[in-house]
>>> print(open('structure-v8.cif').read())   # mmCIF, C-alpha atoms
data_data
loop_
_atom_site.label_atom_id
_atom_site.label_comp_id
_atom_site.auth_asym_id
_atom_site.auth_seq_id
_atom_site.Cartn_x
_atom_site.Cartn_y
_atom_site.Cartn_z
CA MET A 1 103.33 82.78 86.33
CA ILE A 2 106.31 82.55 83.95
CA ALA A 3 106.30 86.29 83.26
CA ARG A 4 107.04 86.98 86.92
CA ILE A 5 110.36 85.12 86.82
CA ILE A 6 111.30 85.42 83.15
CA VAL A 7 114.63 87.18 83.79
CA LEU A 8 115.71 84.49 86.25
CA LEU A 9 114.62 81.76 83.82
CA LEU A 10 116.54 83.26 80.91
CA LEU A 11 119.69 83.49 83.04
CA LEU A 12 119.20 79.89 84.20
CA ILE A 13 118.91 78.76 80.58
CA ALA A 14 121.74 80.80 79.09
CA VAL A 15 124.49 81.07 81.72
CA PRO A 16 125.36 77.34 82.02
CA ASP A 17 125.69 77.00 78.24
CA LEU A 18 127.85 80.14 78.11
CA TYR A 19 130.10 78.54 80.74
CA PHE A 20 130.36 75.25 78.81
CA HIS A 21 131.04 77.11 75.56
CA TRP A 22 133.70 79.36 77.02
CA HIS A 23 135.47 76.86 79.25
CA TYR A 24 135.18 73.57 77.36
CA LEU A 25 134.19 73.98 73.74
CA ARG A 26 135.36 77.18 72.09
CA ARG A 27 138.96 76.00 71.58
CA LYS A 28 138.07 72.40 70.86
CA LYS A 29 139.04 71.10 67.43
CA GLY A 30 136.17 70.19 65.18
CA TYR A 31 133.74 72.48 67.00
CA GLY A 32 132.37 73.88 63.76
CA MET A 33 129.23 75.77 62.85
CA TRP A 34 126.83 72.80 62.81
CA LYS A 35 128.05 71.51 66.17
CA ARG A 36 127.68 75.00 67.60
CA ILE A 37 124.12 75.16 66.32
CA LEU A 38 123.29 71.75 67.79
CA PHE A 39 124.84 72.75 71.12
CA TRP A 40 122.84 75.98 71.38
CA LEU A 41 119.59 74.56 69.98
CA PRO A 42 118.11 73.33 73.33
CA ALA A 43 118.83 76.67 75.01
CA LEU A 44 117.33 78.61 72.11
CA GLY A 45 114.26 76.36 72.14
CA MET A 46 113.76 76.77 75.90
CA THR A 47 114.24 80.55 75.58
CA ALA A 48 111.58 80.74 72.87
CA TYR A 49 109.24 78.53 74.92
CA ALA A 50 109.68 80.70 78.03
CA LEU A 51 109.09 83.91 76.09
CA ALA A 52 105.98 82.43 74.49
CA LEU A 53 104.56 81.60 77.94
CA THR A 54 105.02 85.22 79.04
CA THR A 55 102.44 86.27 76.43
CA VAL A 56 99.72 84.24 78.17
CA ASP A 57 96.95 86.35 79.71
CA GLY A 58 96.55 85.31 83.30
CA PHE A 59 98.50 83.10 85.66
CA ALA A 60 98.72 80.01 83.43
CA PRO A 61 97.75 78.98 79.87
CA THR A 62 94.22 77.76 79.23
CA ASP A 63 95.66 74.36 78.33
CA ILE A 64 97.81 73.95 81.41
CA ASN A 65 99.66 71.00 79.84
CA TRP A 66 101.82 73.57 78.00
CA LEU A 67 103.03 74.81 81.39
CA TYR A 68 103.59 71.26 82.63
CA LEU A 69 105.68 70.41 79.56
CA PHE A 70 107.81 73.52 79.99
CA LEU A 71 108.48 72.78 83.66
CA LEU A 72 109.33 69.16 82.84
CA LEU A 73 111.83 70.20 80.16
CA LEU A 74 113.24 72.79 82.53
CA GLY A 75 113.81 70.11 85.15
CA LEU A 76 115.28 67.54 82.77
CA ILE A 77 117.47 69.80 80.62
CA VAL A 78 118.17 73.17 82.21
CA VAL A 79 118.45 72.40 85.92
CA PRO A 80 120.96 69.51 85.56
CA LYS A 81 123.18 71.66 83.32
CA ALA A 82 122.94 74.56 85.78
CA LEU A 83 123.92 72.36 88.74
CA PHE A 84 126.87 70.86 86.87
CA ALA A 85 128.05 74.28 85.65
CA LEU A 86 127.84 75.80 89.14
CA CYS A 87 129.78 72.95 90.76
CA SER A 88 132.34 72.95 87.96
CA TRP A 89 132.87 76.69 88.28
CA LEU A 90 133.24 76.52 92.07
CA GLY A 91 135.62 73.58 91.68
CA LEU A 92 137.65 75.59 89.17
CA ILE A 93 138.04 78.40 91.69
CA VAL A 94 139.22 75.91 94.33
CA CYS A 95 141.70 74.42 91.84
CA ARG A 96 143.24 77.81 91.16
CA LEU A 97 143.43 78.67 94.85
CA ARG A 98 145.08 75.34 95.67
CA LYS A 99 147.06 75.25 92.42
CA SER A 100 145.58 71.86 91.59
CA ARG A 101 144.66 70.40 88.20
CA HIS A 102 141.93 68.05 89.37
CA ASN A 103 138.49 69.69 89.47
CA TRP A 104 136.40 67.70 91.96
CA GLY A 105 133.53 70.05 91.20
CA ASN A 106 132.92 68.17 87.94
CA ALA A 107 132.32 64.89 89.77
CA ILE A 108 130.09 66.53 92.38
CA GLY A 109 128.19 68.39 89.64
CA LEU A 110 127.61 65.18 87.69
CA VAL A 111 126.18 63.45 90.79
CA LEU A 112 123.90 66.41 91.55
CA ALA A 113 122.77 66.62 87.92
CA LEU A 114 121.83 62.94 87.84
CA LEU A 115 120.11 63.27 91.23
CA SER A 116 118.07 66.22 89.97
CA VAL A 117 116.90 64.18 86.98
CA TYR A 118 115.81 61.40 89.33
CA VAL A 119 113.92 63.87 91.54
CA ILE A 120 112.09 65.36 88.55
CA VAL A 121 111.16 62.00 87.01
CA TYR A 122 110.03 60.47 90.32
CA GLY A 123 108.24 63.59 91.52
CA SER A 124 106.29 63.94 88.26
CA THR A 125 105.20 60.30 88.09
CA LEU A 126 105.26 58.05 91.17
CA GLY A 127 105.47 60.92 93.64
CA VAL A 128 102.12 62.45 92.70
CA MET A 129 100.36 59.08 93.02
CA ASN A 130 101.82 57.93 96.35
CA LEU A 131 98.69 58.63 98.41
CA LYS A 132 99.06 58.34 102.19
CA VAL A 133 96.40 58.13 104.89
CA ARG A 134 97.75 59.80 108.03
CA HIS A 135 96.18 59.10 111.44
CA VAL A 136 96.52 61.88 113.98
CA GLU A 137 95.17 62.02 117.55
CA VAL A 138 94.67 65.42 119.19
CA ALA A 139 93.68 65.69 122.86
CA PHE A 140 91.80 68.59 124.47
CA ALA A 141 90.82 69.09 128.09
CA ASP A 142 87.59 70.88 127.13
CA LEU A 143 86.37 68.43 124.49
CA PRO A 144 82.74 67.46 125.29
CA PRO A 145 82.65 63.85 126.58
CA ALA A 146 80.35 62.58 123.82
CA PHE A 147 82.95 63.61 121.21
CA ASP A 148 85.81 61.58 122.67
CA GLY A 149 86.95 59.47 119.70
CA TYR A 150 85.21 61.69 117.13
CA ARG A 151 86.88 61.19 113.73
CA ILE A 152 87.35 63.97 111.18
CA VAL A 153 88.72 63.19 107.72
CA HIS A 154 90.59 66.24 106.48
CA ILE A 155 91.29 66.73 102.75
CA SER A 156 92.55 69.80 100.93
CA ASP A 157 93.83 71.23 97.65
CA ILE A 158 92.27 68.92 95.08
CA HIS A 159 93.19 71.20 92.14
CA ALA A 160 90.85 69.44 89.71
CA GLY A 161 92.54 70.82 86.60
CA SER A 162 95.71 68.92 87.50
CA LEU A 163 93.95 65.56 87.89
CA THR A 164 94.13 64.63 84.22
CA GLY A 165 95.68 61.68 82.38
CA PHE A 166 97.18 59.05 84.67
CA ARG A 167 96.76 61.41 87.65
CA ASP A 168 92.97 61.08 87.40
CA ARG A 169 93.26 57.68 89.14
CA LEU A 170 94.47 59.46 92.29
CA LEU A 171 90.99 60.85 92.87
CA ASP A 172 89.39 57.41 92.70
CA ARG A 173 91.85 56.10 95.29
CA ALA A 174 91.30 59.16 97.48
CA VAL A 175 87.50 58.87 97.45
CA ASP A 176 87.68 55.14 98.25
CA SER A 177 90.11 55.81 101.11
CA ILE A 178 87.97 58.63 102.53
CA ASN A 179 84.79 56.54 102.56
CA ALA A 180 86.66 53.55 103.99
CA GLN A 181 87.37 55.58 107.15
CA GLN A 182 83.63 55.74 108.00
CA ALA A 183 84.30 59.15 109.50
CA ASP A 184 81.98 61.21 111.66
CA MET A 185 82.78 64.25 109.53
CA VAL A 186 84.70 65.10 106.35
CA VAL A 187 86.17 68.58 105.87
CA PHE A 188 87.74 70.19 102.81
CA THR A 189 89.95 73.26 103.25
CA GLY A 190 90.00 74.89 99.84
CA ASP A 191 91.44 74.98 96.31
CA ILE A 192 89.08 72.57 94.59
CA GLN A 193 90.14 73.96 91.19
CA ASN A 194 93.12 75.55 89.48
CA ILE A 195 91.53 78.39 87.53
CA LEU A 196 87.99 77.76 86.22
CA PRO A 197 84.89 75.96 87.57
CA GLN A 198 84.61 73.84 84.41
CA GLU A 199 87.55 71.79 85.72
CA LEU A 200 85.14 70.22 88.22
CA ASP A 201 82.87 68.68 85.60
CA HIS A 202 84.78 65.40 85.39
CA ILE A 203 85.19 64.95 89.15
CA GLN A 204 81.84 66.10 90.58
CA PRO A 205 80.15 62.66 90.47
CA ARG A 206 83.02 61.07 92.38
CA LEU A 207 83.27 63.82 94.98
CA SER A 208 79.49 63.61 95.46
CA SER A 209 79.94 60.03 96.69
CA ILE A 210 81.99 61.16 99.72
CA SER A 211 79.89 60.72 102.83
CA ALA A 212 80.13 60.98 106.61
CA ALA A 213 77.72 60.67 109.51
CA ASP A 214 77.58 64.43 110.14
CA GLY A 215 78.21 65.50 106.55
CA VAL A 216 80.94 67.13 104.45
CA PHE A 217 81.98 70.73 105.18
CA ALA A 218 84.09 72.91 102.91
CA VAL A 219 85.69 76.34 102.60
CA LEU A 220 87.11 78.14 99.57
CA GLY A 221 90.79 78.65 98.75
CA ASN A 222 92.56 81.32 96.74
CA HIS A 223 92.18 79.34 93.49
CA ASP A 224 88.41 79.09 93.94
CA TYR A 225 87.71 82.78 93.24
CA ALA A 226 88.52 82.91 89.49
CA ASN A 227 91.49 84.89 90.70
CA TYR A 228 94.09 83.83 88.14
CA ILE A 229 92.54 84.89 84.85
CA VAL A 230 92.30 88.22 83.04
CA THR A 231 88.62 88.96 82.52
CA ASP A 232 85.92 91.47 83.39
CA GLU A 233 84.43 91.55 86.87
CA ASP A 234 81.02 90.24 85.76
CA THR A 235 82.57 87.11 84.24
CA ARG A 236 84.76 86.68 87.28
CA ARG A 237 81.75 86.92 89.59
CA LEU A 238 79.87 84.39 87.45
CA ASN A 239 82.82 81.97 87.67
CA GLU A 240 82.88 82.33 91.45
CA GLN A 241 79.16 81.57 91.64
CA GLN A 242 79.54 78.52 89.39
CA THR A 243 82.33 77.12 91.58
CA GLN A 244 80.23 77.57 94.71
CA SER A 245 77.18 76.08 93.01
CA ARG A 246 79.13 73.00 91.94
CA ILE A 247 80.44 72.46 95.47
CA ARG A 248 76.96 72.70 96.96
CA SER A 249 75.51 70.41 94.29
CA MET A 250 77.79 67.66 95.58
CA GLY A 251 76.02 67.77 98.92
CA TRP A 252 78.89 69.60 100.64
CA GLN A 253 78.05 72.36 103.14
CA LEU A 254 80.04 75.41 102.06
CA LEU A 255 81.00 77.60 105.02
CA MET A 256 81.50 81.20 103.93
CA ASN A 257 82.19 83.09 107.16
CA ASP A 258 79.58 81.09 109.03
CA SER A 259 79.23 78.02 111.23
CA ARG A 260 77.20 74.91 112.02
CA VAL A 261 76.48 73.07 115.25
CA VAL A 262 77.08 69.32 115.41
CA LYS A 263 75.40 67.40 118.22
CA ARG A 264 76.12 64.13 119.99
CA GLN A 265 73.65 63.18 122.71
CA SER A 266 73.46 66.27 124.94
CA ASP A 267 76.87 67.60 123.84
CA SER A 268 77.81 69.69 120.80
CA ILE A 269 80.72 71.20 118.92
CA VAL A 270 80.80 74.07 116.43
CA ILE A 271 82.35 73.80 112.96
CA ALA A 272 83.14 77.24 111.49
CA GLY A 273 84.72 78.28 108.23
CA THR A 274 86.01 81.50 106.70
CA GLU A 275 86.50 82.65 103.18
CA ASP A 276 90.00 83.38 101.92
CA ASN A 277 92.03 86.56 101.49
CA CYS A 278 93.09 86.65 97.85
CA PRO A 279 95.30 89.51 96.65
CA SER A 280 95.61 89.35 92.86
CA ARG A 281 97.32 91.24 90.06
CA TYR A 282 94.49 90.25 87.72
CA ARG A 283 91.62 92.13 89.34
CA LYS A 284 91.01 95.76 90.18
CA ASN A 285 90.41 95.22 93.89
CA PRO A 286 92.19 92.48 95.88
CA LEU A 287 89.84 90.16 97.74
CA ASN A 288 89.65 90.39 101.49
CA ARG A 289 86.81 87.99 102.12
CA SER A 290 87.85 86.41 105.41
CA ASN A 291 85.68 87.56 108.31
CA ILE A 292 86.61 85.53 111.35
CA GLY A 293 84.34 87.46 113.68
CA GLN A 294 81.31 86.70 111.56
CA ALA A 295 82.33 83.06 111.16
CA VAL A 296 82.38 82.42 114.92
CA LYS A 297 79.42 84.66 115.76
CA GLY A 298 77.23 81.69 116.60
CA ALA A 299 79.84 79.98 118.78
CA GLY A 300 79.58 80.71 122.48
CA GLU A 301 82.68 81.17 124.62
CA GLY A 302 82.22 77.77 126.25
CA SER A 303 81.79 75.88 122.97
CA PHE A 304 84.33 73.56 121.42
CA LEU A 305 85.20 75.21 118.11
CA VAL A 306 86.75 73.64 115.01
CA MET A 307 87.85 76.30 112.49
CA LEU A 308 88.36 75.71 108.76
CA GLN A 309 90.65 78.25 107.10
CA HIS A 310 92.49 77.69 103.83
CA ALA A 311 95.70 79.58 104.62
CA PRO A 312 97.51 78.47 107.82
CA ARG A 313 99.20 81.86 108.27
CA LEU A 314 95.89 83.21 109.61
CA TRP A 315 96.14 80.84 112.58
CA THR A 316 98.87 82.98 114.14
CA ASP A 317 97.82 86.25 112.46
CA SER A 318 94.16 86.20 113.52
CA ILE A 319 92.58 82.99 114.78
CA LEU A 320 94.62 82.61 117.99
CA GLY A 321 93.96 86.20 118.99
CA LYS A 322 90.38 86.66 117.80
CA THR A 323 88.74 83.30 118.54
CA HIS A 324 88.82 80.51 121.07
CA ALA A 325 89.06 77.85 118.32
CA GLN A 326 90.65 74.78 119.88
CA LEU A 327 91.38 73.09 116.53
CA THR A 328 92.11 74.79 113.20
CA LEU A 329 92.40 72.85 109.94
CA SER A 330 94.16 74.37 106.93
CA GLY A 331 95.76 73.53 103.58
CA HIS A 332 97.21 75.85 100.91
CA THR A 333 100.90 74.92 101.29
CA HIS A 334 100.73 71.42 99.70
CA GLY A 335 103.36 70.57 102.29
CA GLY A 336 105.81 72.45 100.09
CA GLN A 337 105.57 69.59 97.54
CA ILE A 338 109.26 68.83 97.92
CA ARG A 339 111.27 67.71 100.94
CA LEU A 340 114.96 66.84 100.80
CA PHE A 341 116.62 65.02 103.69
CA GLY A 342 113.65 65.91 105.90
CA TRP A 343 113.77 69.64 105.13
CA ALA A 344 111.07 71.47 103.17
CA PRO A 345 112.36 74.55 101.26
CA ALA A 346 108.86 76.04 101.73
CA ARG A 347 109.76 76.67 105.39
CA VAL A 348 111.78 79.66 104.20
CA VAL A 349 108.53 81.50 103.45
CA GLU A 350 105.89 79.57 105.46
CA LYS A 351 105.93 79.03 109.21
CA HIS A 352 103.34 76.23 109.12
CA VAL A 353 103.99 73.94 106.13
CA ALA A 354 102.48 70.57 107.05
CA GLY A 355 101.39 68.48 109.98
CA LEU A 356 100.39 69.30 113.55
CA ASP A 357 101.39 72.40 115.52
CA ASN A 358 100.33 73.26 119.07
CA GLU A 359 100.00 76.50 120.97
CA GLY A 360 99.06 75.66 124.55
CA ASN A 361 95.77 73.77 124.46
CA ARG A 362 95.12 74.80 120.85
CA ALA A 363 96.14 72.96 117.70
CA LEU A 364 96.62 73.55 113.99
CA TYR A 365 96.78 70.78 111.41
CA VAL A 366 98.01 71.70 107.91
CA SER A 367 97.21 69.15 105.21
CA ALA A 368 99.75 68.43 102.49
CA GLY A 369 96.78 68.22 100.12
CA LEU A 370 95.95 65.90 97.26
CA SER A 371 97.39 67.79 94.30
CA GLY A 372 98.58 71.24 93.20
CA LEU A 373 98.65 73.63 90.28
CA VAL A 374 101.94 71.96 89.34
CA PRO A 375 101.52 68.17 89.78
CA PHE A 376 104.83 67.33 91.43
CA ARG A 377 105.67 65.63 94.74
CA PHE A 378 109.00 64.50 96.14
CA GLY A 379 109.19 63.54 99.81
CA VAL A 380 105.72 65.05 100.38
CA PRO A 381 103.10 62.51 99.27
CA PRO A 382 99.47 63.53 98.71
CA GLU A 383 97.56 62.85 101.87
CA ILE A 384 94.28 62.23 103.60
CA ALA A 385 94.39 63.03 107.32
CA VAL A 386 92.19 61.15 109.78
CA ILE A 387 92.06 63.31 112.90
CA THR A 388 90.70 61.68 116.04
CA LEU A 389 89.60 63.98 118.85
CA ARG A 390 90.40 62.80 122.35
CA ARG A 391 89.39 64.14 125.74
CA LYS A 392 92.26 64.60 128.18
#
>>> encode(input="structure-v8.cif", output="structure tokens")
Amino acid sequence: MIARIIVLLLLLIAVPDLYFHWHYLRRKKGYGMWKRILFWLPALGMTAYALALTTVDGFAPTDINWLYLFLLLLGLIVVPKALFALCSWLGLIVCRLRKSRHNWGNAIGLVLALLSVYVIVYGSTLGVMNLKVRHVEVAFADLPPAFDGYRIVHISDIHAGSLTGFRDRLLDRAVDSINAQQADMVVFTGDIQNILPQELDHIQPRLSSISAADGVFAVLGNHDYANYIVTDEDTRRLNEQQTQSRIRSMGWQLLMNDSRVVKRQSDSIVIAGTEDNCPSRYRKNPLNRSNIGQAVKGAGEGSFLVMLQHAPRLWTDSILGKTHAQLTLSGHTHGGQIRLFGWAPARVVEKHVAGLDNEGNRALYVSAGLSGLVPFRFGVPPEIAVITLRRK
């Protein structure tokens, strides 16, 4: 993970301090050797830390807390300095153009630096625990009458390896909230782990207690394929099987390009789920496991079809064109994990980030998820969605 952006990180660490040194400190009286060493020490430490993380085999270190600590220090030390330096430099340019001595960029930079510290502290502590239960009603003209008012609890992206320390309490609250809904069905749309199936050991008993009248259905996400470690294919295959076995042992029905029929009186709906497409730099052959045609094979043209697919991009890429699925439920994006003034930066790369989208009489709901590989939330709280089906 760090190796992919190491050049950008090193520039982010070094350039602000070079600016401070050159513009503010180098001619200052009393700026001797020991003060220079103390000034450069944080940057040198962060540089060494970043370089050490690039030696890790795989996407993240085995003890992921080393990655969390690095990102926290980056947010508290490097990012505020970078914001202040950028604003100060831009303000300096304005001063020279306007022949002014007062650099307003310093004041703006200080405000942005303090704001960034607040965002990091809040997002790493209170933000990741601020669980929300969202109630959504979706109406369809072709919903079978017996399913009017049918309630589906949608959860996604548990990322068990991130639910450690104080964050472990989030899972207890989530399970209690899910069961309190007394739903007709619970669905999970992938990424139950970060990297390895052993992460599930401490959460399996609690997830096993989730219940619904028609059961719990699940699909796999990109993190559920042992896709982010460097290992041989046999070990990788064994890890995949262990993840799937753990999910099934909780009483969840794992949909791997297949479907189930759910009945109410004389009416029925079909719940289908696909595997995920998982390109990876850590395996010889990228995964292309999603088979939508096979997943909906048992669903007739006149059936009401609910599709589970981890990545929402496949809704527009494949599901709309290849199926008649009226409702698709996805995750993967974590809602972008950060939203500032109502805007999610993730929208630059993702069309469907969070919430409900409609295309004619067809709908997509993207869950913001419960957690993430990096446990951070600002403006995008972890969520449980309660989706009520209505007949128009």
>>> resolve_selection(input="structure-v8.cif", expression="the PyMOL selection byres ((chain A and resi 92) around 9)", output="list in words")
Cys87, Ser88, Trp89, Leu90, Gly91, Ile93, Val94, Cys95, Arg96, Leu97, Arg101, His102, Asn103, Trp104, Gly105 and Asn106 of chain A
>>> closest_residue(input="structure-v8.cif", among="A:Asp142, A:Ser100, A:Leu370, A:Ser124", to="A:Arg391", atoms="only C-alpha atoms")
A:Asp142
>>> atom_distance(input="structure-v8.cif", atom1="atom CA of A:Leu305", atom2="atom CA of A:Arg347")
27.7 Å
>>> resolve_selection(input="structure-v8.cif", expression="the PyMOL selection byres ((chain A and resi 256-271) around 8)", output="list in words")
Pro144, Pro145, Ala146, Phe147, Asp214, Val219, Leu220, Leu254, Leu255, Ala272, Gly273, Thr274, Glu275, Ser290, Asn291, Ile292, Gln294, Ala295, Val296, Lys297, Gly298, Ala299, Ser303, Phe304, Leu305, Val306, Met307 and Leu308 of chain A
>>> write_last_selection(input="structure-v8.cif", atoms="C-alpha atoms", output="PDB file, keeping the file's coordinate frame")
ATOM      1  CA  PRO A 144      82.740  67.460 125.290  1.00  0.00           C
ATOM      2  CA  PRO A 145      82.650  63.850 126.580  1.00  0.00           C
ATOM      3  CA  ALA A 146      80.350  62.580 123.820  1.00  0.00           C
ATOM      4  CA  PHE A 147      82.950  63.610 121.210  1.00  0.00           C
ATOM      5  CA  ASP A 214      77.580  64.430 110.140  1.00  0.00           C
ATOM      6  CA  VAL A 219      85.690  76.340 102.600  1.00  0.00           C
ATOM      7  CA  LEU A 220      87.110  78.140  99.570  1.00  0.00           C
ATOM      8  CA  LEU A 254      80.040  75.410 102.060  1.00  0.00           C
ATOM      9  CA  LEU A 255      81.000  77.600 105.020  1.00  0.00           C
ATOM     10  CA  ALA A 272      83.140  77.240 111.490  1.00  0.00           C
ATOM     11  CA  GLY A 273      84.720  78.280 108.230  1.00  0.00           C
ATOM     12  CA  THR A 274      86.010  81.500 106.700  1.00  0.00           C
ATOM     13  CA  GLU A 275      86.500  82.650 103.180  1.00  0.00           C
ATOM     14  CA  SER A 290      87.850  86.410 105.410  1.00  0.00           C
ATOM     15  CA  ASN A 291      85.680  87.560 108.310  1.00  0.00           C
ATOM     16  CA  ILE A 292      86.610  85.530 111.350  1.00  0.00           C
ATOM     17  CA  GLN A 294      81.310  86.700 111.560  1.00  0.00           C
ATOM     18  CA  ALA A 295      82.330  83.060 111.160  1.00  0.00           C
ATOM     19  CA  VAL A 296      82.380  82.420 114.920  1.00  0.00           C
ATOM     20  CA  LYS A 297      79.420  84.660 115.760  1.00  0.00           C
ATOM     21  CA  GLY A 298      77.230  81.690 116.600  1.00  0.00           C
ATOM     22  CA  ALA A 299      79.840  79.980 118.780  1.00  0.00           C
ATOM     23  CA  SER A 303      81.790  75.880 122.970  1.00  0.00           C
ATOM     24  CA  PHE A 304      84.330  73.560 121.420  1.00  0.00           C
ATOM     25  CA  LEU A 305      85.200  75.210 118.110  1.00  0.00           C
ATOM     26  CA  VAL A 306      86.750  73.640 115.010  1.00  0.00           C
ATOM     27  CA  MET A 307      87.850  76.300 112.490  1.00  0.00           C
ATOM     28  CA  LEU A 308      88.360  75.710 108.760  1.00  0.00           C
TER      29      LEU A 308
END
>>> residues_around(input="structure-v8.cif", residues="A:Gln181", least_positions_apart="6", cutoff="9 Å", atoms="only C-alpha atoms", output="list in words")
Arg151, Val153 and Val386 of chain A
>>> closest_residue(input="structure-v8.cif", among="A:Asp184, A:Leu171, A:Ile2, A:His23", to="A:Asp148", atoms="only C-alpha atoms")
A:Asp184
>>> residues_near_point(input="structure-v8.cif", point="(87.8, 64.5, 85.0)", cutoff="9 Å", atoms="only C-alpha atoms", output="ChimeraX atom specification")
/A:160-161,163-165,168,199-204
>>> closest_atom_pairs(input="structure-v8.cif", of="stretch 97-160 of chain A", to="stretch 315-331 of chain A", cutoff="8 Å", atoms="only C-alpha atoms", output="Markdown table")
| residue | atom | partner | partner_atom | distance |
| --- | --- | --- | --- | --- |
| A:Phe140 | CA | A:Gln326 | CA | 7.8 |
| A:His154 | CA | A:Leu329 | CA | 7.7 |
| A:Ser156 | CA | A:Gly331 | CA | 5.6 |
| A:Asp157 | CA | A:Gly331 | CA | 6.6 |
>>> closest_residue(input="structure-v8.cif", among="A:Ala183, A:Val133, A:Leu314, A:Ile6", to="A:Ser367", atoms="all atoms listed in the file")
A:Val133
>>> residues_around(input="structure-v8.cif", residues="A:Asp176", least_positions_apart="6", cutoff="12 Å", atoms="all atoms listed in the file", output="list in words")
Leu131, Val133, Arg169, Leu170, Gln182, Arg206, Leu207, Ser209, Ile210, Ser211 and Ile384 of chain A
>>> closest_residue(input="structure-v8.cif", among="A:Ile192, A:Val353, A:Met185, A:Leu112", to="A:Ile387", atoms="only C-alpha atoms")
A:Met185
>>> resolve_selection(input="structure-v8.cif", expression="the PyMOL selection byres ((chain A and resi 80) around 9)", output="VMD selection string")
chain A and resid 74 to 79 81 to 85 109 to 110 112 to 117
>>> closest_residue(input="structure-v8.cif", among="A:Asp357, A:Asp232, A:Glu383, A:Asp191", to="A:Ala311", atoms="all atoms listed in the file")
A:Asp191
>>> residues_around(input="structure-v8.cif", residues="A:Tyr122", least_positions_apart="5", cutoff="12 Å", atoms="all atoms listed in the file", output="list in words")
Leu72, Gly75, Leu76, Leu115, Ser116, Val117, Gly127, Val128, Met129, Asn130, Ile338, Pro375, Phe376, Arg377, Phe378, Gly379, Val380 and Pro381 of chain A
>>> write_last_selection(input="structure-v8.cif", atoms="C-alpha atoms", output="JSON list (two decimals), in the frame of the given file")
[["chain", "number", "residue", "atom", "x", "y", "z"],
["A", 72, "LEU", "CA", 109.33, 69.16, 82.84],
["A", 75, "GLY", "CA", 113.81, 70.11, 85.15],
["A", 76, "LEU", "CA", 115.28, 67.54, 82.77],
["A", 115, "LEU", "CA", 120.11, 63.27, 91.23],
["A", 116, "SER", "CA", 118.07, 66.22, 89.97],
["A", 117, "VAL", "CA", 116.90, 64.18, 86.98],
["A", 127, "GLY", "CA", 105.47, 60.92, 93.64],
["A", 128, "VAL", "CA", 102.12, 62.45, 92.70],
["A", 129, "MET", "CA", 100.36, 59.08, 93.02],
["A", 130, "ASN", "CA", 101.82, 57.93, 96.35],
["A", 338, "ILE", "CA", 109.26, 68.83, 97.92],
["A", 375, "PRO", "CA", 101.52, 68.17, 89.78],
["A", 376, "PHE", "CA", 104.83, 67.33, 91.43],
["A", 377, "ARG", "CA", 105.67, 65.63, 94.74],
["A", 378, "PHE", "CA", 109.00, 64.50, 96.14],
["A", 379, "GLY", "CA", 109.19, 63.54, 99.81],
["A", 380, "VAL", "CA", 105.72, 65.05, 100.38],
["A", 381, "PRO", "CA", 103.10, 62.51, 99.27]]
>>> build_atoms(input="structure-v8.cif", residues="stretch 183-193 of chain A", atoms="N, CA and C atoms", output="PDB file, keeping the file's coordinate frame")
ATOM      1  N   ALA A 183      84.067  58.028 108.604  1.00  0.00           N
ATOM      2  CA  ALA A 183      84.300  59.150 109.500  1.00  0.00           C
ATOM      3  C   ALA A 183      83.000  59.744 110.028  1.00  0.00           C
ATOM      4  N   ASP A 184      83.120  60.449 111.138  1.00  0.00           N
ATOM      5  CA  ASP A 184      81.980  61.210 111.660  1.00  0.00           C
ATOM      6  C   ASP A 184      81.772  62.474 110.827  1.00  0.00           C
ATOM      7  N   MET A 185      82.858  63.022 110.302  1.00  0.00           N
ATOM      8  CA  MET A 185      82.780  64.250 109.530  1.00  0.00           C
ATOM      9  C   MET A 185      83.920  64.285 108.519  1.00  0.00           C
ATOM     10  N   VAL A 186      83.658  64.845 107.342  1.00  0.00           N
ATOM     11  CA  VAL A 186      84.700  65.100 106.350  1.00  0.00           C
ATOM     12  C   VAL A 186      84.773  66.602 106.142  1.00  0.00           C
ATOM     13  N   VAL A 187      85.996  67.151 106.133  1.00  0.00           N
ATOM     14  CA  VAL A 187      86.170  68.580 105.870  1.00  0.00           C
ATOM     15  C   VAL A 187      87.148  68.783 104.729  1.00  0.00           C
ATOM     16  N   PHE A 188      86.875  69.822 103.939  1.00  0.00           N
ATOM     17  CA  PHE A 188      87.740  70.190 102.810  1.00  0.00           C
ATOM     18  C   PHE A 188      88.144  71.643 102.996  1.00  0.00           C
ATOM     19  N   THR A 189      89.464  71.915 102.931  1.00  0.00           N
ATOM     20  CA  THR A 189      89.950  73.260 103.250  1.00  0.00           C
ATOM     21  C   THR A 189      90.482  74.027 102.048  1.00  0.00           C
ATOM     22  N   GLY A 190      89.781  73.941 100.921  1.00  0.00           N
ATOM     23  CA  GLY A 190      90.000  74.890  99.840  1.00  0.00           C
ATOM     24  C   GLY A 190      90.878  74.440  98.690  1.00  0.00           C
ATOM     25  N   ASP A 191      90.778  75.227  97.600  1.00  0.00           N
ATOM     26  CA  ASP A 191      91.440  74.980  96.310  1.00  0.00           C
ATOM     27  C   ASP A 191      90.929  73.691  95.662  1.00  0.00           C
ATOM     28  N   ILE A 192      89.653  73.707  95.299  1.00  0.00           N
ATOM     29  CA  ILE A 192      89.080  72.570  94.590  1.00  0.00           C
ATOM     30  C   ILE A 192      89.414  72.628  93.110  1.00  0.00           C
ATOM     31  N   GLN A 193      89.825  73.792  92.607  1.00  0.00           N
ATOM     32  CA  GLN A 193      90.140  73.960  91.190  1.00  0.00           C
ATOM     33  C   GLN A 193      91.464  74.686  91.031  1.00  0.00           C
TER      34      GLN A 193
END
